[in-house]
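> Got a structure here, written out as structure tokens. Questions coming.
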Amino acid sequence: MQTEKFGVTKDGQEAFLYTFENDNKMKMTVSNIGAVLTNLWVPDKEGNLRDVVLGYDTVAAYENNSDTHFGATIGRSANRTENARFELQDKKYKLVKNDGKNNLHSGPNGYQLRIWTVKKIDDTNHSITFSLVSSDGDQGYPGELHLDVTYQLQENGIKITYKGVSSEDTIFNPTNHSYFNLNGHASGDVLEHKLQLKAKAFTPVKDNHSIPMGEVSTVEDTPMDFRQEKTIGSDIEEEYDQLIYAKGYDHNFVLEETEKFAKLTGNQSGITMQAETNMPGVQIYTGNFLDHVLGKDGAVYPTRAGVCLETQYFPNAVNEENFVTPLLEKNKKTAYWTRYSFSLT
């Protein structure tokens with residue numbers, strides 16, 4: 001493992017980069033700012049390393065462009081909460097409205113902007129654990145939450161584990177917001193990537209504010225059907241209300257199987273990524289609102305420069321009786337995990 005200084009935050013805290021490399025020549029770099037995944041190098045079909053996640057070169061860029069959430073750990077609760085409020089155990093809570101009248105990814109003071117404590121480094125297992133204490137009332141949520149996020153570079157991929165415990169009943173729905181481009185982060189859009197999802201259903205949204213209707217709908221005979229592998233761009237411009245609302249894919253899919261629920265393949269690199277998790281849903285987001293974002297190595301990211309596979313509870317689940325609520329009970333330790341594995345086609 002190699003450590004190097006990344007920079008200094010606006011409030012004077014030091015940020016560092018931590019890089020791990022395995023015997024398969026895969027490399028992973030993470031930072032204590034935002035517990036963010038900044039780089040992930042994977043060998044392509046010719047043996048060349050390609051950095052397959054979007055990101056920035058500087059601490060300032062992560063701070064100034066936090067709305068892109070490149071590689072970020074999202075918490076306490078990922079995705080949208082309608083009207084920025086919820087009720088838990090007969091108590092009402094208000095969140096910050098940072099997405100129109102709704103709350104997105106828990107608000108503007110997100111975990112992706114905070115300096116995390118490095119709790120443990122395990123060189124043997126190529127892993128690092130970041131720790132964060134979120135006080136009672138932080139972002140509007142009840143309970144003091146102790147959260148550990150572990151990144152492990154495995155033989156052919158990475159595993160991200162989230163462990164949480166709270167002093168009071170609270171909402172706990174973390175995710176990672178990496179944008180993947182398997183041709184390389186600077187290679188343009190991902191419309192020619194092939195995607196396959198083990199999902200018979202998704203949660204349609206009401207309108208362009210992207211709050212689910214509270215229903216689970218079949219993907220059959222819709223552009224949302226990825227049960228058979230197809231390119232991301234094949235149906236993305238269809239005159240279909242769900243795609244029009246979100247300007248592309250930005251929807252939660254209901255996972256019928258959590259083992260290797262997704263397969264993504266880069267059309268140029270020959271790199272295939274498979275994903276698995278113990279969470280019930282995945283938000284597929286195709287970077288619809290990226291607009292010539294200046295990223296790493298001087299790259300300019302166009303619209304749809306990457307695709308996110310954000311494993312999580314369903315959006316607005318705390319306010320929907322038909323969805324499983326992401327409740328973390330008082331003093332109960334809970335762990336969620338997601339693994340992204342890579343191979344060559």
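Ligands are numbered from 1 in the order shown, residues from 1 within each chain, and chains are lettered A, B, ... in the order they appear in the structure tokens.
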List every residue of segment 202-310 of chain A that has an atom at most 8 Å from any atom of segment 325-344 of chain A, giving for each one its closest atom pair and the distance in Å to one decimal, counting only C-alpha atoms, sorted by chain and then by ascending residue number, as a tab-separated table.

```
residue	atom	partner	partner_atom	distance
A:Gly270	CA	A:Leu344	CA	5.5
A:Ile271	CA	A:Leu344	CA	4.8
A:Thr272	CA	A:Ser343	CA	5.2
A:Met273	CA	A:Phe342	CA	4.5
A:Gln274	CA	A:Ser341	CA	5.2
A:Ala275	CA	A:Tyr340	CA	4.6
A:Glu276	CA	A:Arg339	CA	5.4
A:Thr277	CA	A:Thr338	CA	4.3
A:Asn278	CA	A:Trp337	CA	6.1
A:Met279	CA	A:Tyr336	CA	6.8
```
> How would the residues just picked look written out with C-alpha atoms as a short mmCIF file (atom, residue, chain, number, x, y, z; two decimals), in the first residue's frame?

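Produced file out27.cif, reproduced below:
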```cif
data_model
loop_
_atom_site.label_atom_id
_atom_site.label_comp_id
_atom_site.auth_asym_id
_atom_site.auth_seq_id
_atom_site.Cartn_x
_atom_site.Cartn_y
_atom_site.Cartn_z
CA GLY A 270 -13.18 -6.19 -23.54
CA ILE A 271 -13.53 -5.63 -19.79
CA THR A 272 -16.61 -7.12 -18.18
CA MET A 273 -17.81 -6.20 -14.70
CA GLN A 274 -20.23 -8.26 -12.63
CA ALA A 275 -21.91 -6.96 -9.47
CA GLU A 276 -23.40 -8.65 -6.43
CA THR A 277 -24.76 -7.35 -3.15
CA ASN A 278 -26.93 -8.11 -0.13
CA MET A 279 -29.14 -5.07 -0.71
#
```
> When you count only C-alpha atoms, which of these residues is closest to Asp11 of chain A: A:Lys260, A:His292, A:Arg114, A:Lys200?
A:Arg114
> Contacts of segment 87-101 of chain A at 12 Å or less, counting only C-alpha atoms, minus same-chain residues fewer than 3 places along, as a ChimeraX atom specification?
/A:67,76-77,79-84,104-110,137-143,168-171,208-211,316-321,325-330
> For atom CA of Asp23 of chain A and atom CA of Asp51 of chain A, quote the distance in Å rounded to one decimal.
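Between atom CA of Asp23 of chain A and atom CA of Asp51 of chain A the gap works out to 16.9 Å.
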> Using only C-alpha atoms, which of the listed residues (A:Ala299, A:Asn156, A:Glu259, A:Ala78) sits closest to Asn103 of chain A?
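The closest residue to Asn103 of chain A is A:Ala78.
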> Name the residues in contact with Thr286 of chain A at a cut-off of 10 Å, using only C-alpha atoms, excluding same-chain residues fewer than 5 positions from it; report them as a VMD selection string.
chain A and resid 179 to 180 189 to 191 232 to 233 236 246 to 251 303 to 309
> To one decimal place in Å, what is the distance between atom CA of Asp241 of chain A and atom CA of Asp207 of chain A?
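We find that atom CA of Asp241 of chain A and atom CA of Asp207 of chain A lie 8.4 Å from each other.
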> Tell me which protein, DNA and RNA residues are within 8 Å of Glu144 of chain A, counting only C-alpha atoms, leaving out same-chain ones fewer than 5 positions away, and put them as JSON, numbers by chain.
{"A": [133, 134, 135, 136, 137, 166, 167, 168]}
> Write out, as a PDB file, in the first residue's frame, the residues just selected, with N, CA and C atoms.

```pdb
ATOM      1  N   VAL A 133     -18.183   9.259  12.548  1.00  0.00           N
ATOM      2  CA  VAL A 133     -19.228   9.390  13.565  1.00  0.00           C
ATOM      3  C   VAL A 133     -20.152  10.522  13.141  1.00  0.00           C
ATOM      4  N   SER A 134     -21.420  10.183  12.942  1.00  0.00           N
ATOM      5  CA  SER A 134     -22.435  11.154  12.547  1.00  0.00           C
ATOM      6  C   SER A 134     -23.320  11.400  13.772  1.00  0.00           C
ATOM      7  N   SER A 135     -23.298  12.609  14.291  1.00  0.00           N
ATOM      8  CA  SER A 135     -23.956  12.923  15.561  1.00  0.00           C
ATOM      9  C   SER A 135     -25.474  12.825  15.469  1.00  0.00           C
ATOM     10  N   ASP A 136     -26.102  12.701  16.617  1.00  0.00           N
ATOM     11  CA  ASP A 136     -27.557  12.710  16.707  1.00  0.00           C
ATOM     12  C   ASP A 136     -28.073  14.032  16.141  1.00  0.00           C
ATOM     13  N   GLY A 137     -28.971  13.962  15.177  1.00  0.00           N
ATOM     14  CA  GLY A 137     -29.496  15.159  14.530  1.00  0.00           C
ATOM     15  C   GLY A 137     -28.743  15.593  13.296  1.00  0.00           C
ATOM     16  N   SER A 166     -26.225   2.549  15.649  1.00  0.00           N
ATOM     17  CA  SER A 166     -26.766   3.844  16.034  1.00  0.00           C
ATOM     18  C   SER A 166     -27.277   3.811  17.471  1.00  0.00           C
ATOM     19  N   SER A 167     -27.198   4.960  18.131  1.00  0.00           N
ATOM     20  CA  SER A 167     -27.674   5.074  19.510  1.00  0.00           C
ATOM     21  C   SER A 167     -29.192   5.130  19.606  1.00  0.00           C
ATOM     22  N   GLU A 168     -29.842   5.382  18.484  1.00  0.00           N
ATOM     23  CA  GLU A 168     -31.302   5.414  18.407  1.00  0.00           C
ATOM     24  C   GLU A 168     -31.743   4.777  17.098  1.00  0.00           C
TER      25      GLU A 168
END
```
> To test your reading of the structure, identify every residue in segment 104-152 of chain A that backbone DSSP assigns to strand (DSSP E or B), and report it as a VMD selection string.
chain A and resid 104 115 117 to 122 127 to 134 145 to 152
> Mind pulling up the distance from atom CA of Thr73 of chain A to atom CA of Gly184 of chain A?
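Here the two named atoms are 21.4 Å from each other.
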> Pick out the closest residue to Asn24 of chain A from this set: A:Gly157, A:Met213, A:Phe86, A:Gly7. Count only C-alpha atoms.
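Closest residue, counting only C-alpha atoms: A:Gly157.
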> Measuring between only C-alpha atoms, which one of A:Gln2, A:Asn173, A:Asn32, A:Asn39 shows the shortest distance to Thr19 of chain A?
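Of A:Gln2, A:Asn173, A:Asn32, A:Asn39, the one nearest Thr19 of chain A, counting only C-alpha atoms, is A:Gln2.
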> Just asking: which residues within segment 43-256 of chain A are helix (DSSP H, G or I) according to DSSP, as a PyMOL selection string?
chain A and resi 59-64+66-68+82-84+111-113+138-140+241-246
> Would you mind listing what lies within 9 Å of Asn183 of chain A as a ChimeraX atom specification, with only C-alpha atoms counted and same-chain residues fewer than 3 positions away left out?
/A:44,50-52,180,186-188,190,193,265-271
> So which residues touch segment 223-227 of chain A within 7 Å, counting only C-alpha atoms, skipping near sequence neighbours fewer than 4 positions away, as a list in words?
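Near neighbours after the sequence-gap exclusion: Leu195, Gln196, Leu197, Lys198, Ala199, Val219 and Asp235 of chain A.
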> Take the residues from that selection and put them in a file with N, CA, C and O atoms, as a compact mmCIF listing (two decimals), in the first residue's frame.

```txt
# COMPACT_ATOMS: atom_id res chain seq x y z
N LEU A 195 -25.25 -4.06 -21.12
CA LEU A 195 -25.70 -4.23 -19.73
C LEU A 195 -26.75 -5.33 -19.65
O LEU A 195 -27.64 -5.42 -20.51
N GLN A 196 -26.62 -6.16 -18.63
CA GLN A 196 -27.63 -7.17 -18.35
C GLN A 196 -27.95 -7.10 -16.86
O GLN A 196 -27.06 -7.02 -16.01
N LEU A 197 -29.26 -7.10 -16.55
CA LEU A 197 -29.71 -7.02 -15.16
C LEU A 197 -30.69 -8.15 -14.86
O LEU A 197 -31.60 -8.41 -15.64
N LYS A 198 -30.49 -8.80 -13.72
CA LYS A 198 -31.44 -9.81 -13.25
C LYS A 198 -32.54 -9.09 -12.48
O LYS A 198 -32.61 -9.13 -11.26
N ALA A 199 -33.39 -8.40 -13.22
CA ALA A 199 -34.46 -7.61 -12.60
C ALA A 199 -35.70 -7.68 -13.47
O ALA A 199 -35.69 -7.19 -14.60
N VAL A 219 -40.79 -4.88 -16.05
CA VAL A 219 -39.97 -4.27 -17.10
C VAL A 219 -40.37 -4.78 -18.48
O VAL A 219 -39.95 -4.23 -19.49
N ASP A 235 -32.15 1.78 -26.22
CA ASP A 235 -33.51 2.27 -26.01
C ASP A 235 -33.57 3.59 -25.25
O ASP A 235 -34.66 4.09 -24.95
```
